[in-house]
>>> print(open('target-v8.txt').read())   # compact mmCIF, C-alpha atoms
# COMPACT_ATOMS: atom_id res chain seq x y z
CA MET W 10 104.81 148.00 105.91
CA HIS W 11 101.98 145.73 106.98
CA CYS W 12 102.42 142.81 109.37
CA LYS W 13 101.41 140.36 106.61
CA ARG W 14 104.26 141.46 104.38
CA CYS W 15 106.62 141.41 107.34
CA GLU W 16 105.55 137.83 108.06
CA ARG W 17 106.26 136.82 104.44
CA GLN W 18 109.72 138.38 104.46
CA ILE W 19 110.84 137.40 107.92
CA TRP W 20 112.61 134.17 106.94
CA ALA W 21 114.42 135.79 104.03
CA TYR W 22 115.58 138.41 106.55
CA VAL W 23 116.68 135.78 109.07
CA GLU W 24 118.71 134.06 106.35
CA GLY W 25 120.21 137.34 105.19
CA GLN W 26 118.63 136.97 101.75
CA LEU W 27 116.48 140.09 101.83
CA PRO W 28 117.75 142.99 99.68
CA LEU W 29 119.07 145.93 101.71
CA ARG W 30 116.16 148.32 101.10
CA GLN W 31 113.56 145.72 101.99
CA ALA W 32 115.59 144.74 105.03
CA GLN W 33 115.68 148.36 106.18
CA ALA W 34 111.91 148.73 105.69
CA LEU W 35 111.36 145.53 107.63
CA GLU W 36 113.60 146.67 110.47
CA ALA W 37 111.71 149.97 110.67
CA HIS W 38 108.46 148.03 110.96
CA LEU W 39 109.93 145.68 113.57
CA ARG W 40 110.95 148.59 115.78
CA ALA W 41 107.39 149.82 115.78
CA CYS W 42 105.59 146.49 116.01
CA PRO W 43 106.10 144.33 119.13
CA ARG W 44 104.05 141.48 117.63
CA CYS W 45 106.30 141.19 114.57
CA GLN W 46 109.34 141.66 116.82
CA ARG W 47 108.23 138.53 118.70
CA GLN W 48 107.75 136.71 115.39
CA LEU W 49 111.29 137.61 114.36
CA GLU W 50 112.63 136.37 117.65
CA ALA W 51 110.76 133.08 117.17
CA ALA W 52 111.99 132.73 113.57
CA GLN W 53 115.60 133.34 114.63
CA ALA W 54 115.34 130.85 117.48
CA THR W 55 113.75 128.31 115.09
CA ALA W 56 116.50 128.80 112.51
CA ARG W 57 119.22 128.35 115.12
CA ALA W 58 117.56 125.29 116.58
CA LEU W 59 117.03 123.68 113.15
CA HIS W 60 120.65 124.17 112.17
CA ALA W 61 121.88 122.97 115.53
CA LEU W 62 119.78 119.82 115.77
CA PRO W 63 122.01 116.91 116.78
CA ARG W 64 123.19 114.67 113.94
CA HIS W 65 122.22 111.09 114.62
CA ARG W 66 124.81 108.57 113.48
CA ALA W 67 123.92 105.35 111.73
CA PRO W 68 124.45 102.14 113.73
CA ALA W 69 128.01 100.86 113.43
CA ASN W 70 127.04 97.54 111.87
CA LEU W 71 124.83 99.09 109.19
CA SER W 72 126.94 98.19 106.16
CA GLU W 73 127.40 94.65 107.48
CA GLN W 74 123.61 94.33 107.79
CA VAL W 75 123.13 95.67 104.27
CA ARG W 76 125.71 93.21 102.90
CA ARG W 77 123.84 90.38 104.65
CA ARG W 78 120.55 91.48 103.14
CA ILE W 79 122.14 91.77 99.71
CA ALA W 80 123.47 88.22 100.05
CA GLN W 81 120.04 86.93 101.12
CA THR W 82 118.19 88.65 98.29
CA PRO W 83 118.10 86.58 95.13
CA ALA W 84 119.85 88.40 92.33
CA ARG W 85 117.37 90.15 90.12
CA PRO W 86 117.85 88.80 86.59
CA THR W 87 118.95 91.48 84.20
CA LEU W 88 116.51 92.13 81.39
CA ASP W 89 117.40 90.31 78.19
CA TRP W 90 115.56 92.55 75.72
CA ALA W 91 115.79 90.04 72.84
CA ARG W 92 114.14 87.46 75.07
CA VAL W 93 111.48 89.89 76.26
CA TRP W 94 110.76 90.90 72.66
CA ARG W 95 110.46 87.27 71.58
CA ARG W 96 107.91 86.67 74.36
CA VAL W 97 105.99 89.84 73.68
CA ALA W 98 105.89 89.22 69.94
CA LEU W 99 105.00 85.54 70.27
CA ALA W 100 101.54 86.01 71.77
CA PRO W 101 100.05 88.20 69.02
CA ALA W 102 101.76 86.10 66.35
CA LEU W 103 100.16 82.93 67.72
CA GLY W 104 96.82 84.74 68.01
CA LEU W 105 96.99 85.84 64.39
CA LEU W 106 97.91 82.34 63.30
CA ALA W 107 94.97 80.83 65.21
CA ALA W 108 92.55 83.43 63.80
CA ALA W 109 93.75 82.79 60.25
CA ALA W 110 93.38 79.03 60.71
CA TRP W 111 89.87 79.41 62.11
CA TRP W 112 88.73 81.68 59.31
CA GLY W 113 90.24 79.34 56.73
CA TRP W 114 88.46 76.36 58.24
CA HIS W 115 85.22 78.29 58.61
CA ALA W 116 85.30 79.50 55.00
CA GLN W 117 85.90 75.93 53.78
CA GLN W 118 83.05 74.49 55.87
CA SER W 119 80.45 77.07 54.98
CA ALA W 120 81.29 78.32 51.51
CA PRO W 121 77.78 79.55 50.62
CA ALA W 122 75.84 79.02 47.42
CA PRO W 123 74.45 82.40 46.37
CA ASN W 124 70.79 81.42 47.06
CA THR W 125 71.42 80.00 50.50
CA VAL W 126 73.12 82.98 52.12
CA ALA W 127 70.09 83.98 54.23
CA ALA W 128 69.41 80.40 55.26
CA ASP W 129 73.05 79.80 56.18
CA SER W 130 73.35 82.91 58.21
CA ALA W 131 70.18 82.02 60.10
CA GLU W 132 71.53 78.47 60.62
CA SER W 133 74.78 79.75 61.96
CA PHE W 134 72.83 82.06 64.28
CA VAL W 135 70.97 79.09 65.75
CA GLU W 136 74.16 77.03 65.89
CA LEU W 137 75.89 79.78 67.70
CA HIS W 138 73.06 80.00 70.22
CA GLU W 139 73.13 76.29 70.75
CA GLN W 140 76.87 76.28 71.15
CA LEU W 141 76.60 79.01 73.69
CA GLU W 142 73.70 77.19 75.34
CA LEU W 143 71.59 80.22 74.86
CA ALA W 144 68.94 78.70 72.62
CA ASP W 145 66.72 77.60 75.50
CA TRP W 146 66.11 81.05 76.87
CA SER W 147 66.42 83.07 73.71
CA PRO W 148 63.24 84.15 71.87
CA SER W 149 61.62 81.38 69.80
CA PRO W 150 62.39 81.43 66.09
CA THR W 151 59.62 83.12 64.09
CA PRO W 152 57.51 81.17 61.52
CA SER W 153 59.26 82.88 58.62
CA TYR W 154 62.52 81.65 60.08
CA PHE W 155 61.27 78.02 59.87
CA ILE W 156 60.06 78.53 56.31
CA SER W 157 63.28 80.03 55.06
CA THR W 158 65.59 77.60 56.82
CA GLY W 159 63.53 74.41 57.22
CA TYR W 160 64.80 74.38 60.81
CA THR W 161 63.18 71.87 63.18
CA ARG W 162 64.08 70.97 66.72
CA MET S 1 138.77 116.08 92.08
CA ASP S 2 135.35 117.39 93.16
CA THR S 3 132.77 115.45 95.13
CA LEU S 4 130.60 114.77 92.10
CA SER S 5 133.35 113.19 90.03
CA VAL S 6 134.53 111.15 93.04
CA GLU S 7 130.98 109.88 93.46
CA ALA S 8 130.58 109.25 89.73
CA ARG S 9 133.74 107.11 89.78
CA LEU S 10 132.47 105.24 92.83
CA VAL S 11 129.19 104.55 91.03
CA GLU S 12 131.00 103.28 87.94
CA ARG S 13 133.13 100.97 90.07
CA ALA S 14 130.10 99.75 92.01
CA LYS S 15 128.29 99.07 88.74
CA ALA S 16 131.28 96.97 87.70
CA GLN S 17 130.62 94.77 90.77
CA ASP S 18 133.35 96.39 92.86
CA GLU S 19 132.05 95.64 96.36
CA THR S 20 134.48 98.02 98.05
CA ALA S 21 133.06 100.89 95.97
CA PHE S 22 129.54 100.17 97.21
CA GLU S 23 130.93 99.94 100.74
CA GLN S 24 132.42 103.41 100.29
CA ILE S 25 129.09 104.74 99.04
CA MET S 26 127.45 103.35 102.17
CA ASN S 27 130.11 104.94 104.37
CA LEU S 28 129.60 108.28 102.64
CA TYR S 29 125.84 108.36 103.02
CA ALA S 30 124.94 106.12 105.98
CA ASP S 31 124.93 108.87 108.62
CA ARG S 32 123.23 111.44 106.43
CA LEU S 33 120.47 109.05 105.37
CA TYR S 34 120.02 107.68 108.87
CA ASN S 35 119.77 111.19 110.34
CA TYR S 36 117.17 112.12 107.72
CA ILE S 37 115.16 108.89 107.94
CA LEU S 38 115.16 108.89 111.74
CA ARG S 39 113.46 112.28 111.79
CA MET S 40 111.11 111.28 108.99
CA VAL S 41 109.83 108.14 110.74
CA GLY S 42 110.49 109.01 114.37
CA ASN S 43 111.98 105.81 115.76
CA ALA S 44 115.39 104.19 115.62
CA THR S 45 114.29 100.63 114.78
CA ASP S 46 112.29 101.67 111.73
CA ALA S 47 115.00 104.13 110.71
CA GLU S 48 117.67 101.42 110.79
CA ASP S 49 115.52 99.09 108.74
CA LEU S 50 114.68 101.80 106.21
CA VAL S 51 118.26 102.95 105.76
CA GLN S 52 119.24 99.32 105.09
CA GLU S 53 116.37 99.05 102.63
CA THR S 54 117.51 102.27 100.94
CA PHE S 55 120.97 100.82 100.34
CA LEU S 56 119.54 97.49 99.25
CA ARG S 57 117.32 99.22 96.66
CA ALA S 58 120.25 101.36 95.58
CA TYR S 59 122.40 98.26 95.10
CA GLN S 60 119.70 96.57 93.05
CA GLY S 61 119.01 99.75 91.08
CA LEU S 62 122.64 100.57 90.34
CA PRO S 63 122.61 99.04 86.83
CA ASN S 64 119.78 101.43 85.92
CA PHE S 65 121.29 104.52 87.59
CA ASP S 66 122.23 106.72 84.67
CA GLY S 67 123.94 109.50 86.62
CA ARG S 68 121.56 112.23 85.47
CA ALA S 69 120.83 112.92 89.14
CA SER S 70 123.67 113.04 91.62
CA LEU S 71 124.23 110.01 93.80
CA GLY S 72 123.00 111.94 96.86
CA THR S 73 119.84 113.12 95.12
CA TRP S 74 119.12 109.56 94.00
CA LEU S 75 119.68 108.07 97.47
CA TYR S 76 117.55 110.74 99.17
CA ARG S 77 114.82 110.04 96.61
CA ILE S 78 114.85 106.31 97.41
CA ALA S 79 114.88 107.06 101.14
CA THR S 80 112.04 109.59 100.85
CA ASN S 81 109.85 107.18 98.89
CA LEU S 82 110.49 104.44 101.43
CA CYS S 83 109.68 106.77 104.34
CA ILE S 84 106.45 107.95 102.74
CA ASP S 85 105.40 104.34 102.00
CA HIS S 86 106.28 103.44 105.57
CA GLN S 87 104.22 106.32 106.97
CA ARG S 88 101.25 105.39 104.78
CA ARG S 89 101.38 101.83 106.05
CA ARG S 90 101.70 103.04 109.62
CA ALA S 91 98.86 105.54 109.17
CA ARG S 92 96.60 102.67 108.13
CA ARG S 93 97.49 100.79 111.31
CA VAL S 94 97.53 103.61 113.87
CA PRO S 95 95.33 106.72 113.57
CA THR S 96 97.66 109.27 115.20
CA VAL S 97 101.14 108.86 116.61
CA SER S 98 103.43 111.53 117.93
CA TYR S 99 107.12 110.76 118.43
CA SER S 100 109.76 112.76 120.14
CA LEU S 101 113.47 112.53 119.47
CA GLN S 102 114.89 113.60 122.79
CA GLU S 103 117.31 110.74 123.17
CA HIS S 104 120.62 110.56 121.36
CA GLU S 105 120.86 106.96 120.25
CA ASN S 106 124.65 106.78 120.33
CA GLY S 107 124.91 108.54 123.69
CA GLU S 108 127.06 111.29 122.22
CA PRO S 109 126.53 114.89 123.30
CA ALA S 110 124.64 117.16 120.95
CA GLU S 111 126.77 119.34 118.72
CA TRP S 112 126.06 123.00 119.29
CA ASP S 113 127.53 124.51 116.20
CA PHE S 114 125.57 127.73 115.73
CA PRO S 115 125.64 129.49 112.38
CA ASP S 116 126.72 133.11 112.49
CA TYR S 117 123.49 135.06 112.09
CA GLN S 118 123.43 138.84 111.76
CA THR S 119 121.69 139.22 115.09
CA PRO S 120 123.13 136.61 117.42
CA ASN S 121 120.81 135.61 120.22
CA PRO S 122 122.73 133.37 122.63
CA LEU S 123 120.64 131.08 124.80
CA ASP S 124 122.15 129.02 127.54
CA ALA S 125 122.63 125.27 127.06
CA ALA S 126 119.56 124.26 129.05
CA LEU S 127 117.35 126.57 127.02
CA ASN S 128 118.89 125.27 123.80
CA ARG S 129 118.19 121.77 124.92
CA GLU S 130 114.59 122.67 125.69
CA LEU S 131 114.24 124.50 122.38
CA GLU S 132 115.64 121.48 120.60
CA ARG S 133 112.92 119.35 122.17
CA VAL S 134 110.24 121.86 121.09
CA VAL S 135 111.56 121.90 117.53
CA GLU S 136 111.95 118.11 117.29
CA ASP S 137 108.41 117.72 118.58
CA ALA S 138 107.09 120.29 116.10
CA ILE S 139 108.93 118.54 113.23
CA SER S 140 107.38 115.21 114.18
CA LYS S 141 103.92 116.79 113.87
CA LEU S 142 104.47 118.11 110.33
CA SER S 143 102.78 116.38 107.42
CA PRO S 144 105.17 114.16 105.41
CA LYS S 145 105.21 116.64 102.50
CA LEU S 146 106.27 119.55 104.67
CA LYS S 147 108.57 117.48 106.86
CA THR S 148 110.48 116.13 103.85
CA VAL S 149 111.24 119.59 102.47
CA LEU S 150 112.11 121.07 105.86
CA LEU S 151 114.49 118.24 106.77
CA LEU S 152 116.16 118.18 103.37
CA TYR S 153 116.72 121.96 103.37
CA ASP S 154 117.28 122.99 106.97
CA VAL S 155 118.80 119.83 108.40
CA GLU S 156 120.39 117.98 105.46
CA GLU S 157 121.27 121.27 103.76
CA LEU S 158 120.32 120.31 100.22
CA SER S 159 119.67 123.18 97.81
CA TYR S 160 116.23 124.09 96.45
CA GLU S 161 117.24 122.59 93.10
CA GLU S 162 118.39 119.32 94.68
CA ILE S 163 115.17 119.00 96.67
CA ALA S 164 113.13 119.71 93.55
CA ARG S 165 114.98 116.84 91.84
CA VAL S 166 114.60 114.49 94.83
CA LEU S 167 110.84 115.07 95.04
CA ASN S 168 110.25 115.74 91.35
CA ILE S 169 108.38 118.98 92.08
CA PRO S 170 108.94 122.59 90.91
CA ILE S 171 111.36 124.79 92.87
CA GLY S 172 108.46 127.16 93.67
CA THR S 173 106.66 124.31 95.40
CA VAL S 174 109.79 123.50 97.39
CA LYS S 175 110.00 127.11 98.59
CA SER S 176 106.33 127.33 99.45
CA ARG S 177 106.37 124.02 101.38
CA LEU S 178 109.51 125.10 103.20
CA ASN S 179 107.89 128.38 104.20
CA HIS S 180 104.78 126.56 105.40
CA ALA S 181 106.84 124.09 107.41
CA ARG S 182 108.97 126.81 109.00
CA MET S 183 105.93 128.84 109.95
CA GLN S 184 104.45 125.82 111.69
CA ILE S 185 107.66 125.19 113.65
CA GLN S 186 107.91 128.90 114.40
CA LYS S 187 104.43 128.87 115.97
CA HIS S 188 105.54 126.24 118.46
CA VAL S 189 108.76 128.11 119.17
CA ALA S 190 106.87 131.40 119.62
CA ALA S 191 104.56 129.71 122.13
CA TYR S 192 107.60 128.32 123.95
CA ILE S 193 109.27 131.74 124.03
CA GLU S 194 106.08 133.30 125.40
CA ASP S 195 106.27 130.89 128.33
CA THR S 196 110.00 131.45 128.93
CA PRO S 197 111.20 134.28 131.18
CA ALA S 198 112.30 137.24 129.03
CA PRO S 199 115.59 138.04 130.87
CA THR S 200 117.07 134.75 129.62
CA ARG S 201 116.58 135.84 126.02
CA GLY S 202 118.39 138.55 124.12
CA GLN S 203 116.85 141.27 122.00
CA ALA S 204 116.20 140.23 118.40
CA VAL S 205 116.69 143.61 116.71
CA LYS S 206 118.80 146.20 118.42
>>> encode(input="target-v8.txt", output="structure tokens")
Amino acid sequence: MHCKRCERQIWAYVEGQLPLRQAQALEAHLRACPRCQRQLEAAQATARALHALPRHRAPANLSEQVRRRIAQTPARPTLDWARVWRRVALAPALGLLAAAAWWGWHAQQSAPAPNTVAADSAESFVELHEQLELADWSPSPTPSYFISTGYTR
Amino acid sequence: MDTLSVEARLVERAKAQDETAFEQIMNLYADRLYNYILRMVGNATDAEDLVQETFLRAYQGLPNFDGRASLGTWLYRIATNLCIDHQRRRARRVPTVSYSLQEHENGEPAEWDFPDYQTPNPLDAALNRELERVVEDAISKLSPKLKTVLLLYDVEELSYEEIARVLNIPIGTVKSRLNHARMQIQKHVAAYIEDTPAPTRGQAVK
């Protein structure tokens, strides 16, 4: 057995979880290897010390302190799923309603005659720029744009 | 009635706003959680605050506790998360801190209840006391990941499966972290043994 394997198995041996044959092989190695013998001694001492560490007891007034903190903490409202659902569903519903209203209004305002589609779309482009206050720094309209739309500033 | 069904009944009663049931839960777990948290965070003031916080969170979370995990597993999980958060906050404030748990807060003597190992190796009380200090010091130097597993297994005596549920990690990871943690403690103990006169120690394998 190599020291590496011995090192891997040493804790299983200390806890008595190593199968008999492996335990016997390990013991044979330990008798011949002072370094691993020292490791075993350290592992056994560690195991004993870990299991024997003193148990610290909670302060006597702990539950009283917890009760005080519970009393001071505002009760967390329990989730009313119907209410949550109403809130969650309301936002998209209102959004859809607003979008439908806007499209309806827009369609009514700018119902295009077939021959004015290009002009109208160019108009709405300029309008949009003006609304967004972008017209001043956006590229100047081209001459063909003026001809087709009759746009003047 | 076994422990689990007793605890399940306590949880049901606590959920039904029975204050005495929650009191009983606190009595059952206060010492265990305090002992665990104290070694996780390294000082009594923080440990007291965190164990209170653990119970407060448990109280608030009771309506959502579905009993899939045991009460103990659930409480250790809350405590572990709080300790890790606490250590992260502290790490941001202070670069490196090393705590030692030599003092017994309640002034009671340490309990020396040795398990019966196949090769007993009796040390005298003074050496045990010194070894305890070495081990406590080594534990305090472990990373939170390793410390959590070591304390839950070797000190709190949870099973691999319970620890895997507390930390939500595979059992293989629990075993490998435990091995890592033990090897680190063992290094400190080996160094201590090297410096201790041999006649005071017994032979490991006879």
>>> residues_around(input="target-v8.txt", residues="Ala138 (chain S)", least_positions_apart="5", cutoff="12 Å", atoms="all atoms listed in the file", output="list of chain:residue names")
W:Thr55, W:Ala58, W:Leu59, S:Arg39, S:Gly42, S:Ser98, S:Tyr99, S:Ser100, S:Leu101, S:Leu131, S:Glu132, S:Arg133, S:Ser143, S:Leu146, S:Lys147, S:Leu150, S:Ala181, S:Arg182, S:Met183, S:Gln184, S:Ile185, S:Gln186, S:Lys187, S:His188, S:Val189, S:Ala190, S:Ala191, S:Tyr192
>>> interface_residues(input="target-v8.txt", of="chain W", to="chain S", cutoff="6 Å", atoms="all atoms listed in the file", output="MDAnalysis selection string")
chainID W and resid 50:52 55 58 61 63 65:67 75
>>> residues_around(input="target-v8.txt", residues="Phe65 (chain S)", least_positions_apart="6", cutoff="10 Å", atoms="only C-alpha atoms", output="PDB file with C-alpha atoms, keeping the file's coordinate frame")
ATOM      1  CA  VAL S  11     129.190 104.550  91.030  1.00  0.00           C
ATOM      2  CA  GLU S  12     131.000 103.280  87.940  1.00  0.00           C
ATOM      3  CA  LYS S  15     128.290  99.070  88.740  1.00  0.00           C
ATOM      4  CA  ALA S  58     120.250 101.360  95.580  1.00  0.00           C
ATOM      5  CA  TYR S  59     122.400  98.260  95.100  1.00  0.00           C
ATOM      6  CA  LEU S  71     124.230 110.010  93.800  1.00  0.00           C
ATOM      7  CA  TRP S  74     119.120 109.560  94.000  1.00  0.00           C
TER       8      TRP S  74
END
>>> atom_distance(input="target-v8.txt", atom1="CA of Ala56 (chain W)", atom2="CA of Glu161 (chain S)")
20.4 Å
>>> atom_distance(input="target-v8.txt", atom1="CA of Leu49 (chain W)", atom2="CA of Tyr22 (chain W)")
8.9 Å
>>> atom_distance(input="target-v8.txt", atom1="CA of Arg165 (chain S)", atom2="CA of Gln18 (chain W)")
25.5 Å
>>> residues_near_point(input="target-v8.txt", point="(106.7, 100.3, 104.5)", cutoff="12 Å", atoms="all atoms listed in the file", output="tab-separated table (two decimals) with C-alpha atoms, in the coordinates of the input")
chain	number	residue	atom	x	y	z
S	41	VAL	CA	109.83	108.14	110.74
S	46	ASP	CA	112.29	101.67	111.73
S	47	ALA	CA	115.00	104.13	110.71
S	49	ASP	CA	115.52	99.09	108.74
S	50	LEU	CA	114.68	101.80	106.21
S	51	VAL	CA	118.26	102.95	105.76
S	53	GLU	CA	116.37	99.05	102.63
S	54	THR	CA	117.51	102.27	100.94
S	79	ALA	CA	114.88	107.06	101.14
S	80	THR	CA	112.04	109.59	100.85
S	81	ASN	CA	109.85	107.18	98.89
S	82	LEU	CA	110.49	104.44	101.43
S	83	CYS	CA	109.68	106.77	104.34
S	84	ILE	CA	106.45	107.95	102.74
S	85	ASP	CA	105.40	104.34	102.00
S	86	HIS	CA	106.28	103.44	105.57
S	87	GLN	CA	104.22	106.32	106.97
S	88	ARG	CA	101.25	105.39	104.78
S	89	ARG	CA	101.38	101.83	106.05
S	90	ARG	CA	101.70	103.04	109.62
S	91	ALA	CA	98.86	105.54	109.17
S	92	ARG	CA	96.60	102.67	108.13
S	93	ARG	CA	97.49	100.79	111.31
>>> closest_residue(input="target-v8.txt", among="W:Asn70, W:Trp20, W:Cys15, W:Leu27", to="Cys45 (chain W)", atoms="all atoms listed in the file")
W:Cys15
